[in-house]
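For reference, my_file-v7.cif (mmCIF, C-alpha atoms):
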data_target
loop_
_atom_site.label_atom_id
_atom_site.label_comp_id
_atom_site.auth_asym_id
_atom_site.auth_seq_id
_atom_site.Cartn_x
_atom_site.Cartn_y
_atom_site.Cartn_z
CA MET A 752 -141.12 -10.25 16.91
CA LYS A 753 -141.85 -13.50 15.09
CA MET A 754 -138.29 -13.62 13.70
CA GLU A 755 -136.37 -12.56 16.81
CA GLY A 756 -132.96 -14.23 16.83
CA LYS A 757 -133.29 -15.51 13.25
CA ARG A 758 -130.48 -15.04 10.74
CA VAL A 759 -131.63 -14.29 7.21
CA LEU A 760 -130.00 -13.83 3.80
CA VAL A 761 -132.19 -12.09 1.19
CA THR A 762 -130.80 -11.94 -2.34
CA GLY A 763 -131.62 -8.98 -4.55
CA SER A 764 -132.71 -6.92 -1.56
CA GLY A 765 -131.47 -3.51 -2.69
CA THR A 766 -134.71 -2.86 -4.57
CA GLY A 767 -138.20 -4.15 -5.22
CA VAL A 768 -139.61 -7.32 -3.71
CA GLY A 769 -136.31 -8.28 -2.04
CA LYS A 770 -136.13 -4.96 -0.25
CA GLY A 771 -139.70 -5.32 1.00
CA VAL A 772 -138.94 -8.84 2.25
CA ALA A 773 -135.74 -7.73 4.03
CA LEU A 774 -137.52 -4.85 5.78
CA GLU A 775 -140.37 -7.08 6.95
CA PHE A 776 -138.01 -9.69 8.41
CA ALA A 777 -135.94 -7.01 10.16
CA GLU A 778 -139.05 -5.46 11.70
CA GLU A 779 -139.90 -8.87 13.12
CA GLY A 780 -136.50 -9.13 14.80
CA ALA A 781 -134.26 -10.92 12.27
CA THR A 782 -130.65 -10.01 11.52
CA VAL A 783 -130.46 -9.58 7.75
CA ALA A 784 -127.69 -10.05 5.20
CA VAL A 785 -128.72 -7.74 2.35
CA HIS A 786 -127.46 -8.88 -1.06
CA TYR A 787 -127.16 -6.73 -4.17
CA SER A 788 -125.63 -7.15 -7.60
CA SER A 789 -125.59 -3.59 -8.93
CA SER A 790 -127.91 -1.47 -6.74
CA ALA A 791 -125.38 -0.45 -4.06
CA ALA A 792 -127.29 2.68 -3.09
CA GLY A 793 -130.50 0.69 -2.76
CA ALA A 794 -128.81 -1.93 -0.59
CA GLU A 795 -127.30 0.71 1.68
CA ASP A 796 -130.73 2.31 1.98
CA THR A 797 -132.19 -1.06 3.00
CA VAL A 798 -129.46 -1.43 5.63
CA LYS A 799 -130.01 2.15 6.85
CA GLN A 800 -133.76 1.66 7.22
CA ILE A 801 -133.14 -1.51 9.24
CA THR A 802 -130.46 -0.04 11.50
CA ASP A 803 -132.38 3.22 11.98
CA GLY A 804 -135.23 1.06 13.26
CA GLY A 805 -132.95 -0.62 15.78
CA GLY A 806 -132.23 -3.74 13.72
CA LYS A 807 -129.04 -5.35 12.44
CA ALA A 808 -128.09 -5.66 8.77
CA LYS A 809 -125.11 -5.55 6.43
CA ALA A 810 -124.89 -5.31 2.63
CA PHE A 811 -123.01 -7.83 0.48
CA LYS A 812 -122.27 -7.53 -3.24
CA ALA A 813 -122.23 -10.53 -5.58
CA ASP A 814 -122.65 -10.93 -9.33
CA MET A 815 -125.22 -13.70 -9.73
CA ASN A 816 -123.62 -14.65 -13.05
CA ASP A 817 -120.42 -15.60 -11.23
CA LEU A 818 -120.38 -18.86 -9.25
CA GLY A 819 -117.24 -17.79 -7.39
CA ALA A 820 -118.96 -14.60 -6.22
CA ILE A 821 -122.04 -16.61 -5.23
CA LYS A 822 -119.95 -18.97 -3.10
CA ASN A 823 -118.24 -16.00 -1.44
CA LEU A 824 -121.66 -14.47 -0.74
CA ALA A 825 -122.71 -17.61 1.12
CA THR A 826 -119.47 -17.71 3.12
CA ASP A 827 -119.42 -13.99 3.95
CA ALA A 828 -123.11 -13.77 4.86
CA ILE A 829 -122.93 -16.87 7.10
CA ASP A 830 -119.80 -15.48 8.81
CA TYR A 831 -121.56 -12.17 9.47
CA LEU A 832 -124.77 -13.79 10.69
CA GLY A 833 -123.05 -16.49 12.73
CA GLY A 834 -125.10 -19.17 10.98
CA LEU A 835 -128.13 -19.16 8.70
CA ASP A 836 -131.75 -19.89 9.52
CA ILE A 837 -133.54 -18.59 6.42
CA LEU A 838 -132.43 -18.14 2.81
CA ILE A 839 -134.69 -16.04 0.57
CA ASN A 840 -133.76 -16.60 -3.09
CA ASN A 841 -135.27 -13.49 -4.63
CA SER A 842 -132.60 -12.19 -7.01
CA GLY A 843 -133.54 -12.30 -10.69
CA ILE A 844 -133.69 -10.40 -13.95
CA THR A 845 -136.29 -10.23 -16.68
CA LEU A 846 -136.24 -10.28 -20.46
CA THR A 847 -138.99 -9.15 -22.81
CA LEU A 848 -137.93 -10.07 -26.33
CA PRO A 849 -139.48 -11.79 -29.37
CA PHE A 850 -138.56 -15.49 -29.47
CA GLU A 851 -136.67 -15.15 -32.76
CA GLU A 852 -134.46 -12.37 -31.36
CA VAL A 853 -133.23 -14.22 -28.27
CA THR A 854 -129.47 -14.80 -28.51
CA PRO A 855 -127.59 -17.65 -26.79
CA GLU A 856 -125.84 -15.02 -24.68
CA LYS A 857 -129.14 -13.53 -23.44
CA TYR A 858 -130.59 -16.99 -22.87
CA ASP A 859 -127.60 -18.04 -20.78
CA GLU A 860 -127.63 -14.81 -18.77
CA ILE A 861 -131.30 -15.14 -17.76
CA TYR A 862 -131.01 -18.83 -16.86
CA ASN A 863 -127.72 -18.27 -15.01
CA VAL A 864 -129.07 -15.46 -12.83
CA ASN A 865 -132.63 -16.72 -12.32
CA ILE A 866 -132.13 -20.44 -11.67
CA ARG A 867 -128.44 -21.48 -11.68
CA ALA A 868 -127.50 -18.84 -9.08
CA MET A 869 -130.41 -19.89 -6.86
CA PHE A 870 -129.50 -23.57 -7.20
CA PHE A 871 -125.85 -23.19 -6.23
CA LEU A 872 -126.31 -20.52 -3.56
CA THR A 873 -128.72 -22.91 -1.86
CA GLN A 874 -126.20 -25.73 -2.26
CA TYR A 875 -123.53 -23.59 -0.59
CA CYS A 876 -125.87 -22.68 2.30
CA VAL A 877 -127.40 -26.10 3.02
CA PRO A 878 -124.41 -27.55 4.95
CA THR A 879 -124.74 -24.79 7.55
CA MET A 880 -128.47 -25.38 7.93
CA GLU A 881 -127.95 -29.14 8.09
CA SER A 882 -125.33 -28.77 10.84
CA GLN A 883 -127.88 -26.74 12.82
CA GLY A 884 -130.55 -29.38 12.24
CA ARG A 885 -132.98 -26.86 10.78
CA GLY A 886 -133.45 -24.22 8.11
CA VAL A 887 -135.84 -22.64 5.63
CA VAL A 888 -135.30 -21.93 1.95
CA LEU A 889 -137.87 -19.71 0.26
CA ASN A 890 -137.63 -19.22 -3.51
CA ILE A 891 -139.30 -16.42 -5.45
CA SER A 892 -140.79 -17.38 -8.80
CA SER A 893 -143.49 -15.49 -10.72
CA VAL A 894 -147.01 -15.72 -12.06
CA HIS A 895 -145.27 -16.17 -15.43
CA ALA A 896 -144.62 -19.77 -14.40
CA TYR A 897 -148.37 -20.35 -14.81
CA THR A 898 -149.46 -17.97 -17.56
CA GLY A 899 -148.46 -17.39 -21.16
CA LEU A 900 -147.40 -13.93 -22.34
CA ALA A 901 -145.77 -13.09 -25.66
CA GLU A 902 -142.05 -12.25 -25.64
CA HIS A 903 -141.52 -13.88 -22.22
CA SER A 904 -140.44 -17.37 -23.37
CA VAL A 905 -137.02 -17.25 -21.70
CA TYR A 906 -138.09 -15.49 -18.49
CA ALA A 907 -141.17 -17.69 -18.05
CA GLY A 908 -139.05 -20.79 -18.56
CA THR A 909 -136.78 -19.84 -15.66
CA LYS A 910 -139.75 -19.13 -13.40
CA GLY A 911 -141.36 -22.46 -14.26
CA ALA A 912 -138.06 -24.17 -13.51
CA ILE A 913 -138.05 -22.60 -10.04
CA VAL A 914 -141.46 -24.11 -9.27
CA SER A 915 -140.38 -27.62 -10.31
CA TYR A 916 -137.01 -27.28 -8.59
CA THR A 917 -138.73 -26.20 -5.37
CA ARG A 918 -141.06 -29.20 -5.45
CA ALA A 919 -138.20 -31.68 -5.86
CA LEU A 920 -135.76 -30.03 -3.46
CA GLY A 921 -138.45 -29.65 -0.82
CA HIS A 922 -138.75 -33.41 -0.53
CA GLU A 923 -135.01 -34.04 -0.77
CA LEU A 924 -134.08 -31.64 2.05
CA ASN A 925 -137.07 -32.23 4.30
CA ASP A 926 -135.37 -35.16 6.06
CA LYS A 927 -132.47 -32.84 6.91
CA GLY A 928 -134.85 -30.49 8.74
CA ILE A 929 -134.82 -27.93 5.92
CA ARG A 930 -138.14 -26.74 4.51
CA VAL A 931 -138.16 -25.47 0.92
CA ASN A 932 -141.12 -23.54 -0.51
CA CYS A 933 -141.80 -20.85 -3.08
CA ILE A 934 -143.85 -17.69 -3.71
CA ALA A 935 -145.03 -16.81 -7.22
CA PRO A 936 -146.05 -13.13 -7.17
CA GLY A 937 -148.17 -11.47 -9.79
CA TRP A 938 -147.87 -7.75 -10.45
CA VAL A 939 -146.01 -6.09 -7.59
CA PHE A 940 -145.45 -2.37 -8.04
CA ILE A 941 -141.75 -1.51 -7.63
CA GLU A 942 -139.52 1.50 -8.31
CA LYS A 943 -138.50 0.31 -11.79
CA HIS A 944 -142.12 0.08 -12.89
CA GLU A 945 -142.78 3.68 -11.93
CA ALA A 946 -139.76 4.84 -13.96
CA ALA A 947 -140.80 2.74 -16.98
CA LEU A 948 -144.42 3.87 -17.22
CA PRO A 949 -145.09 6.49 -19.90
CA PRO A 950 -146.62 9.86 -18.95
CA GLY A 951 -150.38 9.61 -18.80
CA PHE A 952 -150.50 5.89 -17.94
CA ASP A 953 -153.84 5.26 -16.24
CA MET A 954 -152.83 3.39 -13.11
CA GLU A 955 -156.37 3.40 -11.74
CA ALA A 956 -157.61 1.70 -14.91
CA ALA A 957 -154.83 -0.88 -14.57
CA LYS A 958 -155.84 -1.57 -10.96
CA ALA A 959 -159.47 -1.95 -12.03
CA LEU A 960 -158.45 -4.75 -14.42
CA MET A 961 -157.06 -6.77 -11.51
CA PRO A 962 -159.59 -9.04 -9.78
CA SER A 963 -158.20 -7.73 -6.48
CA LYS A 964 -158.71 -4.11 -7.68
CA PHE A 965 -155.27 -3.16 -6.39
CA ILE A 966 -151.61 -3.95 -7.12
CA ALA A 967 -149.47 -5.51 -4.39
CA THR A 968 -146.51 -3.80 -2.71
CA PRO A 969 -143.15 -5.45 -1.92
CA ARG A 970 -143.96 -5.29 1.80
CA GLN A 971 -147.07 -7.40 1.20
CA VAL A 972 -144.92 -10.10 -0.41
CA GLY A 973 -142.66 -9.76 2.62
CA ARG A 974 -145.53 -10.50 4.99
CA LEU A 975 -146.38 -13.69 3.09
CA ALA A 976 -142.69 -14.65 3.20
CA LEU A 977 -142.73 -14.14 6.98
CA PHE A 978 -145.57 -16.62 7.34
CA MET A 979 -143.99 -19.20 5.03
CA ALA A 980 -140.64 -18.97 6.84
CA SER A 981 -142.22 -19.31 10.27
CA GLU A 982 -143.26 -22.38 12.21
CA ASP A 983 -146.86 -21.49 11.35
CA ALA A 984 -146.14 -22.95 7.87
CA ASP A 985 -144.28 -26.08 8.96
CA TYR A 986 -146.84 -28.28 7.16
CA MET A 987 -145.80 -26.80 3.80
CA VAL A 988 -143.17 -28.82 1.93
CA GLY A 989 -142.16 -28.08 -1.68
CA HIS A 990 -145.18 -25.85 -2.31
CA THR A 991 -145.55 -22.72 -4.43
CA VAL A 992 -148.07 -20.11 -3.32
CA LEU A 993 -149.53 -17.87 -6.02
CA PHE A 994 -149.77 -14.32 -4.73
CA ASP A 995 -151.29 -12.55 -7.68
CA GLY A 996 -154.57 -10.83 -6.80
CA GLY A 997 -156.39 -13.34 -9.00
CA GLN A 998 -154.27 -12.40 -12.02
CA VAL A 999 -153.63 -15.99 -13.16
CA GLY A 1000 -157.37 -16.54 -13.60
CA ILE A 1001 -157.80 -13.58 -15.98
CA GLN A 1002 -155.92 -14.56 -19.12
CA PRO A 1003 -156.52 -11.34 -21.16
CA LEU A 1004 -155.28 -9.14 -18.31
CA ALA A 1005 -151.73 -8.67 -19.58
CA LYS A 1006 -152.94 -7.68 -23.06
CA GLU A 1007 -155.30 -5.09 -21.59
CA ILE A 1008 -152.57 -3.57 -19.42
CA THR A 1009 -150.19 -3.55 -22.41
CA LYS A 1010 -152.85 -1.68 -24.37
CA LEU A 1011 -153.11 0.93 -21.60
CA PHE A 1012 -149.33 1.31 -21.78
CA ASN A 1013 -149.15 1.53 -25.59
CA ASP A 1014 -152.01 4.03 -25.78
CA CYS A 1015 -149.83 6.48 -23.81
CA LEU A 1016 -146.86 6.29 -26.15
CA PRO A 1017 -146.49 9.24 -28.55
CA SER A 1018 -146.01 6.90 -31.52
CA LYS A 1019 -149.37 5.30 -30.81
CA LYS A 1020 -151.37 8.52 -30.64
#
Can I see the file as structure tokens?
Amino acid sequence: MKMEGKRVLVTGSGTGVGKGVALEFAEEGATVAVHYSSSAAGAEDTVKQITDGGGKAKAFKADMNDLGAIKNLATDAIDYLGGLDILINNSGITLTLPFEEVTPEKYDEIYNVNIRAMFFLTQYCVPTMESQGRGVVLNISSVHAYTGLAEHSVYAGTKGAIVSYTRALGHELNDKGIRVNCIAPGWVFIEKHEAALPPGFDMEAAKALMPSKFIATPRQVGRLALFMASEDADYMVGHTVLFDGGQVGIQPLAKEITKLFNDCLPSKK
């Protein structure tokens, strides 16, 4: 019960990494505000799993492209929780597109959701934490902040921005009693990946390419987040922790996994 009595807002917690983080915090005793943008069923399932386990949670919808909705999310979540101890900025979207095909509209959408929303949601939440004299902000970036992969120029840019933003904000808010840190996950297997994989994809071969020889689950990211949000990590200020199974050290990995994927496609056979 490391998080007993803690009040937590986890963005993008209807699916994937955010869901795993929310469930881990709830199991450790936290009351959780579950945010979703479009995955209402997923958010309600997160809430149900928490309440069925004896915990407390409520779902909140907010479009992360809309600053008005983001401000309302902060207000509504803080009202429900009765304060805010921990903000987990997980919500984000990806884009895989050749550089020449990126439109201004797509560029703006990815930057708005992945970094602008995080920036201003944190800004809206900080006064509450400051009034309490304490708080934790934990941002979720990606291994793409550290590695180069074709057709990820926009997405990788947002994830690199999160790392730099975390470093600067960590020092700015530290004197207010608010710790800011970041997790940069590598490949974490989520529901959307399973749906996207072609029939015949050799998952065991993909795992074998990873230095760790396995692919992380959202709950494993959640357990790292628990540590970083706890007093056990109070010496960490503005840091980003790579959680990638050694992926960043194996540069050809992404190409090899892409080859496994393409080899399964009918057009490639």
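Look at A:Phe994: the protein and nucleic acid residues within 9 Å of it, using all atoms listed in the file and passing over chain neighbours fewer than 6 places away, are Ser893, Val894, Ile934, Ala935, Pro936, Gly937, Trp938, Ala967, Val972 and Leu975 of chain A.
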Any chance you could work out the residue set of the PyMOL selection byres ((chain A and resi 833-836) around 8) here, as a PyMOL selection string?
chain A and resi 757-760+829-832+837-838+876+879-880+885-887
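Nearest to A:Lys753 of all the residues A:Ile821, A:Val864, A:Ala980, A:Ala901 is A:Ala980, based on all atoms listed in the file.
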Quick one: apply the PyMOL selection byres ((chain A and resi 786) around 9) to the file and drop the selected residues here as an MDAnalysis selection string.
chainID A and resid 760:765 769 784:785 787:788 794 809:813 824 828 842
Determine the residue set returned by the PyMOL selection byres ((chain A and resi 966) around 8) for the present structure, and present it as a VMD selection string.
chain A and resid 938 to 940 958 961 963 to 965 967 to 968 996
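From atom CA of A:Ile941 back to atom CA of A:Ala959, the distance works out to 18.3 Å.
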Pull the neighbourhood of (-131.6, -35.5, 9.9) for me: all residues within 8 Å in file coordinates, counting all atoms listed in the file, as number ranges by chain.
A: 881, 884, 926-928
Could you give me, as a VMD selection string, the residues that have an atom at most 6 Å away from the point (-137.3, -15.9, 2.2) in the coordinates of the file, using only C-alpha atoms?
chain A and resid 838 to 839 889 976
Within 9 Å of A:Thr766 using all atoms listed in the file, minus same-chain residues under 4 positions, as an mmCIF file with C-alpha atoms, in the coordinates of the input:
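New file part.cif:
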data_model
loop_
_atom_site.group_PDB
_atom_site.id
_atom_site.type_symbol
_atom_site.label_atom_id
_atom_site.label_comp_id
_atom_site.auth_asym_id
_atom_site.auth_seq_id
_atom_site.Cartn_x
_atom_site.Cartn_y
_atom_site.Cartn_z
ATOM 1 C CA LYS A 770 -136.130 -4.960 -0.250
ATOM 2 C CA GLY A 771 -139.700 -5.320 1.000
ATOM 3 C CA TYR A 787 -127.160 -6.730 -4.170
ATOM 4 C CA SER A 790 -127.910 -1.470 -6.740
ATOM 5 C CA GLY A 793 -130.500 0.690 -2.760
ATOM 6 C CA ALA A 794 -128.810 -1.930 -0.590
ATOM 7 C CA THR A 797 -132.190 -1.060 3.000
ATOM 8 C CA ILE A 941 -141.750 -1.510 -7.630
ATOM 9 C CA GLU A 942 -139.520 1.500 -8.310
ATOM 10 C CA LYS A 943 -138.500 0.310 -11.790
#
Where's the centre, and what are the edge lengths in Å to one decimal, of a box along x, y and z enclosing all listed atoms of stretch 831-849 of chain A padded 6 Å per side, as AutoDock Vina command-line options?
--center_x -130.5 --center_y -14.5 --center_z -8.3 --size_x 29.9 --size_y 22.7 --size_z 54.1
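Distance-wise, atom CA of A:Thr909 and atom CA of A:Lys857 end up 12.6 Å apart.
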Incomplete stretch 844-863 of chain A brought to N, CA and C atoms, written out as a PDB file, in the coordinates of the input:
ATOM      1  N   ILE A 844    -133.561 -11.424 -12.916  1.00  0.00           N
ATOM      2  CA  ILE A 844    -133.690 -10.400 -13.950  1.00  0.00           C
ATOM      3  C   ILE A 844    -134.727 -10.856 -14.961  1.00  0.00           C
ATOM      4  N   THR A 845    -135.240  -9.902 -15.704  1.00  0.00           N
ATOM      5  CA  THR A 845    -136.290 -10.230 -16.680  1.00  0.00           C
ATOM      6  C   THR A 845    -135.793  -9.985 -18.094  1.00  0.00           C
ATOM      7  N   LEU A 846    -136.548 -10.489 -19.043  1.00  0.00           N
ATOM      8  CA  LEU A 846    -136.240 -10.280 -20.460  1.00  0.00           C
ATOM      9  C   LEU A 846    -137.553 -10.301 -21.222  1.00  0.00           C
ATOM     10  N   THR A 847    -137.815  -9.227 -21.935  1.00  0.00           N
ATOM     11  CA  THR A 847    -138.990  -9.150 -22.810  1.00  0.00           C
ATOM     12  C   THR A 847    -138.469  -8.986 -24.233  1.00  0.00           C
ATOM     13  N   LEU A 848    -138.545 -10.071 -25.005  1.00  0.00           N
ATOM     14  CA  LEU A 848    -137.930 -10.070 -26.330  1.00  0.00           C
ATOM     15  C   LEU A 848    -138.626 -11.116 -27.200  1.00  0.00           C
ATOM     16  N   PRO A 849    -138.901 -10.786 -28.471  1.00  0.00           N
ATOM     17  CA  PRO A 849    -139.480 -11.790 -29.370  1.00  0.00           C
ATOM     18  C   PRO A 849    -138.609 -13.046 -29.411  1.00  0.00           C
ATOM     19  N   PHE A 850    -139.252 -14.194 -29.491  1.00  0.00           N
ATOM     20  CA  PHE A 850    -138.560 -15.490 -29.470  1.00  0.00           C
ATOM     21  C   PHE A 850    -137.419 -15.543 -30.480  1.00  0.00           C
ATOM     22  N   GLU A 851    -137.663 -15.050 -31.694  1.00  0.00           N
ATOM     23  CA  GLU A 851    -136.670 -15.150 -32.760  1.00  0.00           C
ATOM     24  C   GLU A 851    -135.446 -14.276 -32.510  1.00  0.00           C
ATOM     25  N   GLU A 852    -135.556 -13.308 -31.607  1.00  0.00           N
ATOM     26  CA  GLU A 852    -134.460 -12.370 -31.360  1.00  0.00           C
ATOM     27  C   GLU A 852    -133.613 -12.735 -30.142  1.00  0.00           C
ATOM     28  N   VAL A 853    -133.980 -13.809 -29.446  1.00  0.00           N
ATOM     29  CA  VAL A 853    -133.230 -14.220 -28.270  1.00  0.00           C
ATOM     30  C   VAL A 853    -131.894 -14.827 -28.694  1.00  0.00           C
ATOM     31  N   THR A 854    -130.796 -14.284 -28.189  1.00  0.00           N
ATOM     32  CA  THR A 854    -129.470 -14.800 -28.510  1.00  0.00           C
ATOM     33  C   THR A 854    -129.052 -15.834 -27.461  1.00  0.00           C
ATOM     34  N   PRO A 855    -128.102 -16.716 -27.797  1.00  0.00           N
ATOM     35  CA  PRO A 855    -127.590 -17.650 -26.790  1.00  0.00           C
ATOM     36  C   PRO A 855    -127.033 -16.937 -25.567  1.00  0.00           C
ATOM     37  N   GLU A 856    -126.417 -15.768 -25.792  1.00  0.00           N
ATOM     38  CA  GLU A 856    -125.840 -15.020 -24.680  1.00  0.00           C
ATOM     39  C   GLU A 856    -126.929 -14.521 -23.732  1.00  0.00           C
ATOM     40  N   LYS A 857    -128.026 -13.997 -24.277  1.00  0.00           N
ATOM     41  CA  LYS A 857    -129.140 -13.530 -23.440  1.00  0.00           C
ATOM     42  C   LYS A 857    -129.804 -14.704 -22.726  1.00  0.00           C
ATOM     43  N   TYR A 858    -129.990 -15.786 -23.454  1.00  0.00           N
ATOM     44  CA  TYR A 858    -130.590 -16.990 -22.870  1.00  0.00           C
ATOM     45  C   TYR A 858    -129.780 -17.462 -21.665  1.00  0.00           C
ATOM     46  N   ASP A 859    -128.464 -17.566 -21.863  1.00  0.00           N
ATOM     47  CA  ASP A 859    -127.600 -18.040 -20.780  1.00  0.00           C
ATOM     48  C   ASP A 859    -127.633 -17.080 -19.588  1.00  0.00           C
ATOM     49  N   GLU A 860    -127.633 -15.791 -19.864  1.00  0.00           N
ATOM     50  CA  GLU A 860    -127.630 -14.810 -18.770  1.00  0.00           C
ATOM     51  C   GLU A 860    -128.878 -14.948 -17.892  1.00  0.00           C
ATOM     52  N   ILE A 861    -130.054 -15.053 -18.527  1.00  0.00           N
ATOM     53  CA  ILE A 861    -131.300 -15.140 -17.760  1.00  0.00           C
ATOM     54  C   ILE A 861    -131.356 -16.442 -16.965  1.00  0.00           C
ATOM     55  N   TYR A 862    -130.995 -17.554 -17.582  1.00  0.00           N
ATOM     56  CA  TYR A 862    -131.010 -18.830 -16.860  1.00  0.00           C
ATOM     57  C   TYR A 862    -129.946 -18.873 -15.763  1.00  0.00           C
ATOM     58  N   ASN A 863    -128.775 -18.289 -16.022  1.00  0.00           N
ATOM     59  CA  ASN A 863    -127.720 -18.270 -15.010  1.00  0.00           C
ATOM     60  C   ASN A 863    -128.145 -17.502 -13.762  1.00  0.00           C
TER      61      ASN A 863
END
